[in-house]
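The structure appears right after this line, and notes come after that.
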Amino acid sequence: MPTMFGLVPTALFALSVSNPTLPEPPPVVEYELEVRVEPDTRRLHGSGTLRFRNSTKAPADRLCFHLYLNAFRNEASTFMRELSVEAPRLELDEHGFVELLSLEEEGAGSDLLANARYISPDDGRPEDRTVLEVPLKSPLDPGADIELELSFVSQLPKPVARAGAIGGFMMAAQWYPKLGVLEPAAGGTEARWSCHQYHAIGEFFAPFGRYRVTIDVPDGHEVGATGPRVEMKTSSGRTRHVHQQDKVHDFAFVVDPRLERHERRFEATRELSEARRSSAAAHLGIEAEVLRGSDVKVILLIRPERRFAIERYFTAAFHALRELSLRFGPYPYSTLTVVDPPPGAGETGGMEYPTLITAGARFGAPASMPVPESVTIHEIGHQFFYGLVGTNEVQEAWLDEGLTSYATLRVYEQTYGRTLRFAPSLFGVPLSPWFVHPFEFREIELARLLSAPDQDPTIQPSWMFRDLRSYRVGVYARPVRFFMRLEQLYGAKTLDRALYRYAVAHRYGAPRSADLLRAIEAEAHGPLPEWVTEPLFRPGGFELAVSELVSRPVPEPRGIAEVRLEADRVVTSARTSTRAPGFFTTVVVERRGEMMRPAELLLTLEDGAVLRHKIKGRRRWWRFEHQGPRAVKAELFGADNDPLNQTQIHRARRLEAEHRPAFVFAGHSGYVVGLILDALRFLL
């Protein structure tokens, strides 16, 4: 297991971030598409051109396309097979699909689809049609471009996973034939396609490029999409909305005749004031000029009956843009669109796309209840980790979900405070203020850790997780605990500087786990301890428990004192000394998880004295004994003097039977788990 990821001098990272000009993405893809939207049939008729550049050092003899909507084509797809038995199923008229009708190389005059075939690189299931392999007429040399003409038809399913249409609302996500990522392999002398099937657990990975999309809708339909609207024309009862955006790796849009459009300007000179930039720059160890951003048009699309959430959405969006820009470099795009899905379209909520997010508000939620605030901050956080730092969400989901969840926690605590309140709901209406339950934001991750067995490593392909609960633990909760541990070990400033340098050095790139860990090690000036990184690579969890604490009066020393031989007889004499004062204490510590880290047992005595015992090695149990004043409490702490364990329930034991830990676990954590999974369901 790696514990050192190639220590890189901090100066090398400083070179990459000291200049305000951020790195530019390589020109890999350029889509110019037109799509005609038919709300009555949920269909999208698309055509246009795709330009692709081979940015590797090896020739490419084929192309690989994602056809994500084919996951909803029938029940035989990998996605539908992997859904849990509790997941909603699709009726015959609710299915979706995408069909590539033609694909021609410019100037070649022949359809490349003649030799195309569906492949299943992950599970070999022949029924799955979410990846299409297209052989080229001749290999595409390194640095060479190919221009393709394509036409396709897509049908959105009912809202089941991110995309969908219901009641006039249409969320077009992963709606077009989408090129995979051509990556160098075998030392750069070969190239391979990273083009995974669409799985029930996991998200996406695509190359950066330029999109110009014309969305043709019936008059009266509001449109929100990736990038700014650069043109709009109305003719013959239909309106053409043209959106264009560079330096992104996806394009999504929403159409709905009942959506209202609300706009406000995020003014960089006010929100990213000189005072705020100077303070943040000093904290990060950079020049304040690097954090000077540009104005952003924030667009909220929401139905009239949900206007109650307008102010909350804008406040959360402005908080997120300001704080995330000061932490990870300015948000570089001119627009940010926030979509509030209507009732019935909740499955499309809580999702991120370049310059566009879907969130979700709850009617009647009090101001102390962080919906829609937490989901809005989280999805805007994805504009940085997934959007700008374009990691492979399928192979290493923790790099976007874990980092974004930790950033959400830090931003929420800074802007709204540490304490949140949740209430259970009845038919979607929170039962507040009668059943409001307060807790700290960081308890969300504790609740997630308790929600499923620790059975999967964090760093593995998303479809390899046992189920969605294990995925939540592996890519959300455990990484957040990992960053919190780093915060405790090295301090918030050191961690913040490492994350900033990572975010800026890999903007418009596709870094791996080792790149993030190298950035942290560079700022920490040394390798990370194995016990810190171990949870990323293996399951099992870390948990030490004080399983036994017994303190009894020292017994009378009754028995035989001497044995002697007198006249061929064995003679014994009884002990006559009085009982020694004090108590005899026994403490047993158990290792219940698979992992281990430096620890100390603190034994508190009745007279106030505290005895310390080191916990070393990888044994399954340790016994400690003491004679003296009665012991009243045994507690476990880490080498960095913080309380141990992911559950915090068994780390301490008092001499008297203490029922509070069990009460807290059942009445607090269990309660929080249920509420969090309901109220924060959009974070998935």
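Note on naming: chains are A, B, ... as they come in the structure tokens, residues start from 1 per chain, ligands start from 1 in the order shown.
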>> I need the strand (DSSP E) residues of region 122-219 of chain A per DSSP on the backbone, written as a PyMOL selection string.
In response: chain A and resi 131-140+145-155+164-166+169-172+178-179+181-185+190-194+209-218
>> Can you tell me, as a list in words, which residues in region 198-311 of chain A count as alpha helix (DSSP H) by DSSP?
In response: Ala268, Thr269, Arg270, Glu271, Glu274, Ala275, Arg276, Arg277, Ser278, Ser279, Ala280, Ala281, Ala282, His283, Leu284, Ile310 and Glu311 of chain A
>> Need the shell around region 455-461 of chain A: protein/DNA/RNA residues with any atom at most 6 Å away, counting only C-alpha atoms. Skip same-chain ones fewer than 6 positions apart. Format as a ChimeraX atom specification?
In response: /A:394-396,474-475,536-539
>> Can you tell me which residues surround Met80 (chain A) at a distance of at most 8 Å, considering only C-alpha atoms, apart from same-chain residues fewer than 4 positions away, and format the answer as a list in words?
In response: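 The filter keeps Ala71, Phe72, Asn74, Glu75, Ala76 and Ala200 of chain A.
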Output N, CA, C and O atoms for every residue in the selection just made, as an mmCIF file, in the first residue's frame.
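The result, written out as selection-v1.cif:
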data_model
loop_
_atom_site.group_PDB
_atom_site.id
_atom_site.type_symbol
_atom_site.label_atom_id
_atom_site.label_comp_id
_atom_site.auth_asym_id
_atom_site.auth_seq_id
_atom_site.Cartn_x
_atom_site.Cartn_y
_atom_site.Cartn_z
ATOM 1 N N ALA A 71 -29.518 3.417 -21.302
ATOM 2 C CA ALA A 71 -29.661 2.745 -20.008
ATOM 3 C C ALA A 71 -31.128 2.546 -19.660
ATOM 4 O O ALA A 71 -31.482 1.639 -18.897
ATOM 5 N N PHE A 72 -32.008 3.394 -20.245
ATOM 6 C CA PHE A 72 -33.437 3.337 -19.946
ATOM 7 C C PHE A 72 -34.235 2.761 -21.113
ATOM 8 O O PHE A 72 -35.459 2.893 -21.161
ATOM 9 N N ASN A 74 -34.533 -0.496 -21.972
ATOM 10 C CA ASN A 74 -35.289 -1.663 -21.518
ATOM 11 C C ASN A 74 -34.690 -2.150 -20.200
ATOM 12 O O ASN A 74 -33.677 -1.644 -19.735
ATOM 13 N N GLU A 75 -35.315 -3.170 -19.641
ATOM 14 C CA GLU A 75 -34.896 -3.666 -18.338
ATOM 15 C C GLU A 75 -33.639 -4.520 -18.408
ATOM 16 O O GLU A 75 -33.106 -4.937 -17.367
ATOM 17 N N ALA A 76 -33.131 -4.798 -19.610
ATOM 18 C CA ALA A 76 -31.951 -5.644 -19.756
ATOM 19 C C ALA A 76 -30.648 -4.862 -19.693
ATOM 20 O O ALA A 76 -29.568 -5.466 -19.694
ATOM 21 N N ALA A 200 -25.690 2.023 -12.538
ATOM 22 C CA ALA A 200 -26.640 2.592 -11.589
ATOM 23 C C ALA A 200 -25.921 3.400 -10.508
ATOM 24 O O ALA A 200 -26.500 4.319 -9.924
#
I'd like the neighbourhood of Ile377 (chain A) as a compact mmCIF listing (two decimals) with N, CA, C and O atoms, in the first residue's frame, where a residue qualifies if any of its atoms comes within 10 Å (using only C-alpha atoms), though same-chain residues fewer than 6 positions away should be ignored.
# COMPACT_ATOMS: atom_id res chain seq x y z
N TYR A 313 -32.31 30.55 -2.49
CA TYR A 313 -31.45 30.07 -3.58
C TYR A 313 -30.36 31.08 -3.92
O TYR A 313 -29.17 30.73 -4.01
N ALA A 316 -27.69 31.43 -1.12
CA ALA A 316 -26.78 30.28 -1.09
C ALA A 316 -25.84 30.28 -2.29
O ALA A 316 -24.65 29.98 -2.15
N ALA A 317 -26.37 30.62 -3.46
CA ALA A 317 -25.53 30.63 -4.66
C ALA A 317 -24.43 31.69 -4.56
O ALA A 317 -23.27 31.43 -4.93
N PHE A 318 -24.76 32.86 -4.05
CA PHE A 318 -23.75 33.92 -3.90
C PHE A 318 -22.71 33.52 -2.86
O PHE A 318 -21.51 33.75 -3.05
N HIS A 319 -23.15 32.94 -1.75
CA HIS A 319 -22.20 32.46 -0.75
C HIS A 319 -21.24 31.45 -1.38
O HIS A 319 -20.02 31.51 -1.16
N ALA A 320 -21.79 30.51 -2.12
CA ALA A 320 -20.96 29.46 -2.71
C ALA A 320 -19.97 30.02 -3.72
O ALA A 320 -18.78 29.67 -3.69
N LEU A 321 -20.42 30.87 -4.62
CA LEU A 321 -19.53 31.44 -5.62
C LEU A 321 -18.40 32.23 -4.97
O LEU A 321 -17.23 32.12 -5.37
N GLU A 323 -17.18 32.10 -1.68
CA GLU A 323 -16.26 31.35 -0.82
C GLU A 323 -15.46 30.31 -1.60
O GLU A 323 -14.27 30.11 -1.33
N LEU A 324 -16.07 29.67 -2.57
CA LEU A 324 -15.34 28.68 -3.36
C LEU A 324 -14.31 29.34 -4.26
O LEU A 324 -13.22 28.80 -4.47
N ALA A 359 -31.18 21.67 -8.11
CA ALA A 359 -31.14 21.61 -6.65
C ALA A 359 -32.44 21.01 -6.15
O ALA A 359 -32.84 19.93 -6.59
N THR A 404 -15.88 17.80 -2.86
CA THR A 404 -17.02 18.72 -2.87
C THR A 404 -17.77 18.67 -1.54
O THR A 404 -18.22 19.70 -1.03
N SER A 405 -17.93 17.49 -0.98
CA SER A 405 -18.62 17.38 0.31
C SER A 405 -17.84 18.10 1.40
O SER A 405 -18.42 18.78 2.26
N ALA A 407 -15.72 20.62 0.90
CA ALA A 407 -15.84 22.05 0.60
C ALA A 407 -17.21 22.58 1.02
O ALA A 407 -17.32 23.69 1.55
N THR A 408 -18.25 21.79 0.81
CA THR A 408 -19.60 22.18 1.23
C THR A 408 -19.64 22.41 2.74
O THR A 408 -20.20 23.40 3.22
N LEU A 409 -19.04 21.48 3.47
CA LEU A 409 -19.01 21.59 4.93
C LEU A 409 -18.33 22.89 5.36
O LEU A 409 -18.86 23.64 6.18
N VAL A 411 -17.74 25.67 3.60
CA VAL A 411 -18.45 26.88 3.17
C VAL A 411 -19.71 27.08 4.00
O VAL A 411 -20.02 28.20 4.43
N TYR A 412 -20.44 25.99 4.25
CA TYR A 412 -21.67 26.12 5.03
C TYR A 412 -21.37 26.62 6.44
O TYR A 412 -22.04 27.52 6.96
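Within 9 Å of region 130-135 of chain A there are Asp61, Arg62, Leu63, Cys64, Phe65, His66, Leu67, Tyr68, Leu69, Asn70, Ala71, Ser77, Thr78, Leu112, Leu113, Ala114, Asn115, Ala116, Arg117, Tyr118, Ile119, Ser120, Pro121, Cys195, His196, Gln197 and Tyr198 of chain A, counting only C-alpha atoms and ignoring same-chain residues fewer than 5 positions away.
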Could you turn the residues from that selection into a file that holds N, CA, C and O atoms, as a compact mmCIF listing (two decimals), in the first residue's frame?
# COMPACT_ATOMS: atom_id res chain seq x y z
N ASP A 61 -7.46 4.13 -33.93
CA ASP A 61 -8.11 3.47 -35.06
C ASP A 61 -9.61 3.35 -34.89
O ASP A 61 -10.29 2.77 -35.73
N ARG A 62 -10.15 3.91 -33.80
CA ARG A 62 -11.59 3.83 -33.56
C ARG A 62 -12.02 4.97 -32.65
O ARG A 62 -11.19 5.61 -31.99
N LEU A 63 -13.32 5.19 -32.59
CA LEU A 63 -13.93 6.14 -31.68
C LEU A 63 -14.88 5.38 -30.76
O LEU A 63 -15.42 4.33 -31.14
N CYS A 64 -15.08 5.91 -29.56
CA CYS A 64 -16.03 5.30 -28.63
C CYS A 64 -16.99 6.37 -28.11
O CYS A 64 -16.55 7.43 -27.64
N PHE A 65 -18.27 6.07 -28.23
CA PHE A 65 -19.32 7.02 -27.84
C PHE A 65 -20.12 6.46 -26.66
O PHE A 65 -20.43 5.27 -26.61
N HIS A 66 -20.45 7.37 -25.73
CA HIS A 66 -21.45 7.06 -24.70
C HIS A 66 -22.84 7.32 -25.28
O HIS A 66 -23.10 8.39 -25.84
N LEU A 67 -23.72 6.36 -25.10
CA LEU A 67 -25.14 6.53 -25.43
C LEU A 67 -25.92 6.32 -24.14
O LEU A 67 -26.58 5.29 -23.93
N TYR A 68 -25.81 7.29 -23.26
CA TYR A 68 -26.28 7.11 -21.89
C TYR A 68 -27.77 6.80 -21.79
O TYR A 68 -28.19 5.99 -20.96
N LEU A 69 -28.59 7.45 -22.61
CA LEU A 69 -30.04 7.27 -22.47
C LEU A 69 -30.48 5.85 -22.80
O LEU A 69 -31.60 5.45 -22.46
N ASN A 70 -29.62 5.06 -23.44
CA ASN A 70 -29.97 3.65 -23.68
C ASN A 70 -29.99 2.83 -22.40
O ASN A 70 -30.44 1.68 -22.41
N ALA A 71 -29.52 3.42 -21.30
CA ALA A 71 -29.66 2.75 -20.01
C ALA A 71 -31.13 2.55 -19.66
O ALA A 71 -31.48 1.64 -18.90
N SER A 77 -30.71 -3.53 -19.66
CA SER A 77 -29.48 -2.74 -19.63
C SER A 77 -28.74 -2.96 -18.31
O SER A 77 -29.33 -3.35 -17.30
N THR A 78 -27.46 -2.68 -18.33
CA THR A 78 -26.66 -2.81 -17.12
C THR A 78 -27.20 -1.90 -16.02
O THR A 78 -27.30 -2.31 -14.85
N LEU A 112 -19.96 5.76 -41.12
CA LEU A 112 -19.09 4.98 -40.26
C LEU A 112 -19.85 3.97 -39.41
O LEU A 112 -19.25 3.08 -38.80
N LEU A 113 -21.18 4.07 -39.39
CA LEU A 113 -21.96 3.16 -38.57
C LEU A 113 -22.05 1.75 -39.16
O LEU A 113 -22.49 0.82 -38.47
N ALA A 114 -21.62 1.58 -40.40
CA ALA A 114 -21.72 0.26 -41.03
C ALA A 114 -20.97 -0.80 -40.25
O ALA A 114 -21.41 -1.96 -40.18
N ASN A 115 -19.85 -0.44 -39.64
CA ASN A 115 -19.05 -1.41 -38.89
C ASN A 115 -19.07 -1.15 -37.39
O ASN A 115 -18.27 -1.74 -36.65
N ALA A 116 -19.96 -0.28 -36.95
CA ALA A 116 -20.03 0.03 -35.52
C ALA A 116 -20.68 -1.12 -34.76
O ALA A 116 -21.46 -1.90 -35.31
N ARG A 117 -20.34 -1.22 -33.49
CA ARG A 117 -20.93 -2.27 -32.65
C ARG A 117 -21.00 -1.78 -31.20
O ARG A 117 -20.19 -0.97 -30.75
N TYR A 118 -22.01 -2.29 -30.49
CA TYR A 118 -22.13 -2.01 -29.07
C TYR A 118 -21.15 -2.90 -28.30
O TYR A 118 -21.01 -4.08 -28.61
N ILE A 119 -20.47 -2.31 -27.33
CA ILE A 119 -19.54 -3.08 -26.51
C ILE A 119 -19.87 -2.88 -25.04
O ILE A 119 -20.52 -1.89 -24.66
N SER A 120 -19.44 -3.82 -24.22
CA SER A 120 -19.68 -3.76 -22.77
C SER A 120 -18.35 -3.99 -22.06
O SER A 120 -18.08 -5.10 -21.58
N PRO A 121 -17.50 -2.96 -22.00
CA PRO A 121 -16.14 -3.15 -21.47
C PRO A 121 -16.09 -3.48 -19.98
O PRO A 121 -15.08 -3.99 -19.50
N CYS A 195 -14.19 4.73 -21.71
CA CYS A 195 -15.59 4.89 -22.13
C CYS A 195 -16.39 3.77 -21.47
O CYS A 195 -16.65 2.73 -22.06
N HIS A 196 -16.75 4.00 -20.23
CA HIS A 196 -17.42 2.97 -19.44
C HIS A 196 -18.91 2.94 -19.71
O HIS A 196 -19.51 3.93 -20.14
N GLN A 197 -19.50 1.81 -19.44
CA GLN A 197 -20.96 1.69 -19.52
C GLN A 197 -21.61 2.59 -18.47
O GLN A 197 -20.96 3.04 -17.51
N TYR A 198 -22.90 2.84 -18.68
CA TYR A 198 -23.65 3.64 -17.72
C TYR A 198 -24.13 2.69 -16.62
O TYR A 198 -24.91 1.78 -16.87
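Residues in contact range of Gln627 (chain A), defined as at most 10 Å between only C-alpha atoms, with sequence neighbours fewer than 3 positions away removed, read Ser551, Arg552, Pro553, Val554, Ala580, Pro581, Gly582, Phe583, Phe584, Thr585, Thr586, Arg630 and Ala631 of chain A.
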Write a file of the just-selected residues containing N, CA and C atoms, as a PDB file, in the first residue's frame.
ATOM      1  N   SER A 551     -13.053  -2.245  38.409  1.00  0.00           N
ATOM      2  CA  SER A 551     -12.230  -1.710  39.495  1.00  0.00           C
ATOM      3  C   SER A 551     -12.818  -2.211  40.810  1.00  0.00           C
ATOM      4  N   ARG A 552     -12.120  -3.175  41.480  1.00  0.00           N
ATOM      5  CA  ARG A 552     -12.608  -3.800  42.699  1.00  0.00           C
ATOM      6  C   ARG A 552     -11.616  -3.547  43.839  1.00  0.00           C
ATOM      7  N   PRO A 553     -12.125  -3.535  45.064  1.00  0.00           N
ATOM      8  CA  PRO A 553     -11.196  -3.405  46.196  1.00  0.00           C
ATOM      9  C   PRO A 553     -10.153  -4.517  46.174  1.00  0.00           C
ATOM     10  N   VAL A 554      -8.955  -4.178  46.553  1.00  0.00           N
ATOM     11  CA  VAL A 554      -7.894  -5.183  46.630  1.00  0.00           C
ATOM     12  C   VAL A 554      -8.311  -6.231  47.662  1.00  0.00           C
ATOM     13  N   ALA A 580      -4.364  -4.710  51.783  1.00  0.00           N
ATOM     14  CA  ALA A 580      -3.739  -3.485  51.287  1.00  0.00           C
ATOM     15  C   ALA A 580      -4.828  -2.504  50.867  1.00  0.00           C
ATOM     16  N   PRO A 581      -4.590  -1.219  51.036  1.00  0.00           N
ATOM     17  CA  PRO A 581      -5.609  -0.237  50.639  1.00  0.00           C
ATOM     18  C   PRO A 581      -5.687  -0.123  49.122  1.00  0.00           C
ATOM     19  N   GLY A 582      -6.826   0.422  48.637  1.00  0.00           N
ATOM     20  CA  GLY A 582      -6.949   0.721  47.212  1.00  0.00           C
ATOM     21  C   GLY A 582      -7.763  -0.311  46.454  1.00  0.00           C
ATOM     22  N   PHE A 583      -7.704  -0.156  45.136  1.00  0.00           N
ATOM     23  CA  PHE A 583      -8.514  -0.967  44.231  1.00  0.00           C
ATOM     24  C   PHE A 583      -7.614  -1.584  43.166  1.00  0.00           C
ATOM     25  N   PHE A 584      -8.066  -2.716  42.656  1.00  0.00           N
ATOM     26  CA  PHE A 584      -7.364  -3.386  41.558  1.00  0.00           C
ATOM     27  C   PHE A 584      -8.213  -3.205  40.292  1.00  0.00           C
ATOM     28  N   THR A 585      -7.638  -2.535  39.290  1.00  0.00           N
ATOM     29  CA  THR A 585      -8.382  -2.160  38.079  1.00  0.00           C
ATOM     30  C   THR A 585      -7.869  -2.943  36.875  1.00  0.00           C
ATOM     31  N   THR A 586      -8.810  -3.432  36.072  1.00  0.00           N
ATOM     32  CA  THR A 586      -8.490  -4.101  34.810  1.00  0.00           C
ATOM     33  C   THR A 586      -9.233  -3.398  33.681  1.00  0.00           C
ATOM     34  N   ARG A 630      -9.421   3.990  42.977  1.00  0.00           N
ATOM     35  CA  ARG A 630     -10.403   3.417  42.066  1.00  0.00           C
ATOM     36  C   ARG A 630     -10.424   4.182  40.750  1.00  0.00           C
ATOM     37  N   ALA A 631     -10.506   3.453  39.634  1.00  0.00           N
ATOM     38  CA  ALA A 631     -10.629   4.067  38.312  1.00  0.00           C
ATOM     39  C   ALA A 631     -12.084   4.393  38.046  1.00  0.00           C
TER      40      ALA A 631
END
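Relative to CA of Met595 (chain A), CA of Glu635 (chain A) is found at 18.8 Å.
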>> Rounded to one decimal, what separation in Å do you get between CA of Val610 (chain A) and CA of Val587 (chain A)?
In response: 13.9 Å
> Which value, in Å to one decimal, gives the distance between CA of Leu179 (chain A) and CA of Val28 (chain A)?
Replying inline: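 One can read the CA of Leu179 (chain A) to CA of Val28 (chain A) distance as 10.3 Å.
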